[in-house]
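Peer 1: The structure's right below; bear with me while I get my questions together.
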Amino acid sequence: MKLEITVSKNELLSKLKAVSKVINPSNKFIQAHGFFLFELSEEFNVTGADESGNITATIECMGCNEETTIKLLVESKTLLEGLKELPEQPLNLVFESTGNRFDFTVFHQSGKYKIQSMDADGFSVIKNDVLPKLVNILSVDLMHGIKSVYQFAGTDDLRPIMSTVHIQSNKGKYSFCAATGATLSLIEFMKDPTPNEFADFELVLPIKVAKILTEISVKAGMVSLEIGEKNVGINFGEFRIIYRLVEGSYPNFRSVIPLGNDKKLIVNTSDMISALRRTSVFANKASSLVMLNASKSNLKLTCKDVDYDQLADENLPVTFNEDNFTIGFATSHLLKCLESINTEELKMTFSDPTRACLISPDDVNLGLLILIMPLQINV
């Protein structure tokens, strides 16, 4: 049996790149997960998988028909690298049976690629629960929430629940949160309801899936979520993701957000970021400490390393409602917080040097709130 289909090189490569984001070519436990799963019948689907989930994309093509069903694994790394070197053009993909398997060959304008393939029996995919909760959400709302917080998720293997983005819809309001022990980012906004949108929900999305969604750049108007007890299915456009949920309950993050921060400082966002980048070069490598000393109209940033007798400080104009206040932060944590603010000015609020600081845009309607824990200053 032989099947030949025609696809656009750019269409094929873009879909394979998206699907490959879960593939580990050097997977020693499940060799098949280093391959793409090709499935052809009335449409052409390609799937990538790891031990926690899988992504499937539908690729536009000519030549597929429901009377011919083909399922095989194609070596991922070689195929991707080969396609990257080709200019945009129609490609002919030929699948030809040899005994109980198929050979796979890509014919292009000036030659061909024959790519390693194997039987698909060793390829395992995760399927969703029988009766998941179905929820629709506008992709613009989902992506806005995820992009605002996902970089604050933890990476500690001992606390996998923190390597997630907490998503909740409750009575017309969306909230997205990600946190570590040192920082937390929360964005809340009212959703734009549509006739196809329904149901309140709560979801703890694995950070790997959150990153994939931002990298694929969801363009579909509506995203369908299938929230099961163990897995979540995400359907949008020509993609479908199914991934295992992280076991455990997300901590009550609202309980750590201080309500009594009465010391308020307003500063230009880009000036603060630039000053911190410059001074952080001189910070002690072990502590990475930056000291902030604020007065009514001035903020002094100081980084020093006594071991090498080096120091840097800068002064910025600010508006502050106290006469004098000093607090310290890890430079990398503070910089990440500041770079998440995209308004001209930002607000920082404090209570005392040992308690959490809150950072937010100067526009409260944006709904973004970032928490950062201070470092102890040893004078």
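To be explicit about the labels: the chains of the structure tokens are called A, B, and onward in the order shown, and within each one the residues are counted from 1, while ligands get numbers from 1 in the order they are shown.
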Quick one: residues within 10 Å of Asn342 in chain A, only C-alpha atoms, excluding same-chain residues fewer than 4 positions away - as a PyMOL selection string?

Peer 2: chain A and resi 269-270+338+346+360-362

Peer 1: Filtering to N, CA and C atoms, could you give me those residues as a CSV table (one decimal), in the first residue's frame?

Peer 2:
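Saved as out-v8.csv:
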```csv
chain,number,residue,atom,x,y,z
A,269,THR,N,8.9,53.4,36.1
A,269,THR,CA,9.2,52.0,35.9
A,269,THR,C,10.5,51.7,35.2
A,270,SER,N,10.7,52.3,34.0
A,270,SER,CA,11.9,52.1,33.3
A,270,SER,C,13.2,52.6,34.0
A,338,LEU,N,9.8,43.9,38.7
A,338,LEU,CA,9.7,45.2,38.1
A,338,LEU,C,9.5,45.0,36.6
A,346,LEU,N,5.2,52.7,38.6
A,346,LEU,CA,4.7,51.6,39.4
A,346,LEU,C,4.6,52.1,40.8
A,360,SER,N,2.8,47.0,42.0
A,360,SER,CA,1.6,47.0,41.1
A,360,SER,C,1.8,48.1,40.1
A,361,PRO,N,1.1,48.0,39.0
A,361,PRO,CA,1.1,49.2,38.0
A,361,PRO,C,0.4,50.4,38.6
A,362,ASP,N,0.7,51.5,38.1
A,362,ASP,CA,0.0,52.7,38.6
A,362,ASP,C,-1.5,52.8,38.2
```

Peer 1: Using only C-alpha atoms, find each residue of range 171-217 of chain A with at least one atom at most 9 Å away from an atom of range 243-258 of chain A; report its shortest atom-to-atom pair and that distance in Å (one decimal), sort the rows by chain and rising residue number, and return the result as CSV.

Peer 2:
```
residue,atom,partner,partner_atom,distance
A:Cys177,CA,A:Phe253,CA,8.2
A:Ala179,CA,A:Phe253,CA,8.2
A:Leu184,CA,A:Phe253,CA,8.4
A:Leu203,CA,A:Leu245,CA,8.7
A:Val204,CA,A:Leu245,CA,7.0
A:Leu205,CA,A:Leu245,CA,6.8
A:Pro206,CA,A:Leu245,CA,6.6
A:Val209,CA,A:Tyr243,CA,7.6
```

Peer 1: Quick one: write out the picked residues with C-alpha atoms as a short mmCIF file (atom, residue, chain, number, x, y, z; two decimals), in the first residue's frame?

Peer 2:
```cif
data_model
loop_
_atom_site.label_atom_id
_atom_site.label_comp_id
_atom_site.auth_asym_id
_atom_site.auth_seq_id
_atom_site.Cartn_x
_atom_site.Cartn_y
_atom_site.Cartn_z
CA CYS A 177 -1.65 33.12 40.25
CA ALA A 179 4.26 31.76 43.24
CA LEU A 184 4.03 35.78 43.94
CA LEU A 203 -7.67 24.59 37.58
CA VAL A 204 -4.03 24.09 38.52
CA LEU A 205 -2.24 24.11 35.16
CA PRO A 206 1.24 22.51 34.96
CA VAL A 209 1.65 23.39 29.58
#
```

Peer 1: Apply DSSP to the backbone of this structure and, from range 63-125 of chain A, keep only the residues in helix (DSSP H, G or I); write these as a PyMOL selection string.

Peer 2: chain A and resi 76-84+120-122

Peer 1: Can you tell me, as a PDB file with C-alpha atoms, in the first residue's frame, what residues are no more than 12 Å from range 95-104 of chain A when counting only C-alpha atoms, ignoring any on the same chain fewer than 2 positions away?

Peer 2:
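The resulting out_4.pdb:
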```pdb
ATOM      1  CA  MET A   1       0.000   0.000   0.000  1.00  0.00           C
ATOM      2  CA  LYS A   2       1.198   3.491  -0.830  1.00  0.00           C
ATOM      3  CA  LEU A   3      -0.148   6.920   0.141  1.00  0.00           C
ATOM      4  CA  GLU A   4       1.124  10.255  -1.100  1.00  0.00           C
ATOM      5  CA  ILE A   5      -0.008  13.586   0.360  1.00  0.00           C
ATOM      6  CA  THR A   6       1.010  17.196  -0.329  1.00  0.00           C
ATOM      7  CA  PHE A  38       1.822  10.364  12.432  1.00  0.00           C
ATOM      8  CA  GLU A  39      -1.817   9.355  11.954  1.00  0.00           C
ATOM      9  CA  LEU A  40      -3.409   9.641   8.534  1.00  0.00           C
ATOM     10  CA  GLY A  63      -4.443  13.527  -0.517  1.00  0.00           C
ATOM     11  CA  CYS A  64      -5.760  12.161   2.778  1.00  0.00           C
ATOM     12  CA  THR A  68      -6.589   4.615   3.892  1.00  0.00           C
ATOM     13  CA  THR A  69      -5.436   4.559   7.516  1.00  0.00           C
ATOM     14  CA  ILE A  70      -1.748   4.857   8.362  1.00  0.00           C
ATOM     15  CA  LYS A  71      -0.132   5.077  11.790  1.00  0.00           C
ATOM     16  CA  LEU A  72       3.638   5.239  12.280  1.00  0.00           C
ATOM     17  CA  LEU A  73       6.413   6.915  14.269  1.00  0.00           C
ATOM     18  CA  VAL A  74       8.852   9.312  12.575  1.00  0.00           C
ATOM     19  CA  GLU A  75      12.183  10.340  14.113  1.00  0.00           C
ATOM     20  CA  LEU A  79      12.917  15.634  10.376  1.00  0.00           C
ATOM     21  CA  ASN A  92       5.159  15.395  -1.161  1.00  0.00           C
ATOM     22  CA  LEU A  93       5.079  12.997   1.779  1.00  0.00           C
ATOM     23  CA  VAL A 106       9.817  13.583   1.935  1.00  0.00           C
ATOM     24  CA  PHE A 107      10.174  14.694  -1.692  1.00  0.00           C
ATOM     25  CA  LYS A 112      14.311  13.812  -1.069  1.00  0.00           C
ATOM     26  CA  TYR A 113      14.687  12.856   2.595  1.00  0.00           C
ATOM     27  CA  LYS A 114      14.111   9.330   3.780  1.00  0.00           C
ATOM     28  CA  ILE A 115      13.475   9.546   7.530  1.00  0.00           C
ATOM     29  CA  GLN A 116      13.752   6.787  10.113  1.00  0.00           C
ATOM     30  CA  SER A 117      10.329   5.418  11.020  1.00  0.00           C
ATOM     31  CA  MET A 118       9.014   2.600  13.165  1.00  0.00           C
ATOM     32  CA  ASP A 119       5.840   0.888  14.240  1.00  0.00           C
ATOM     33  CA  ALA A 120       3.562   2.961  16.477  1.00  0.00           C
ATOM     34  CA  ASP A 121       2.743   0.231  19.005  1.00  0.00           C
TER      35      ASP A 121
END
```
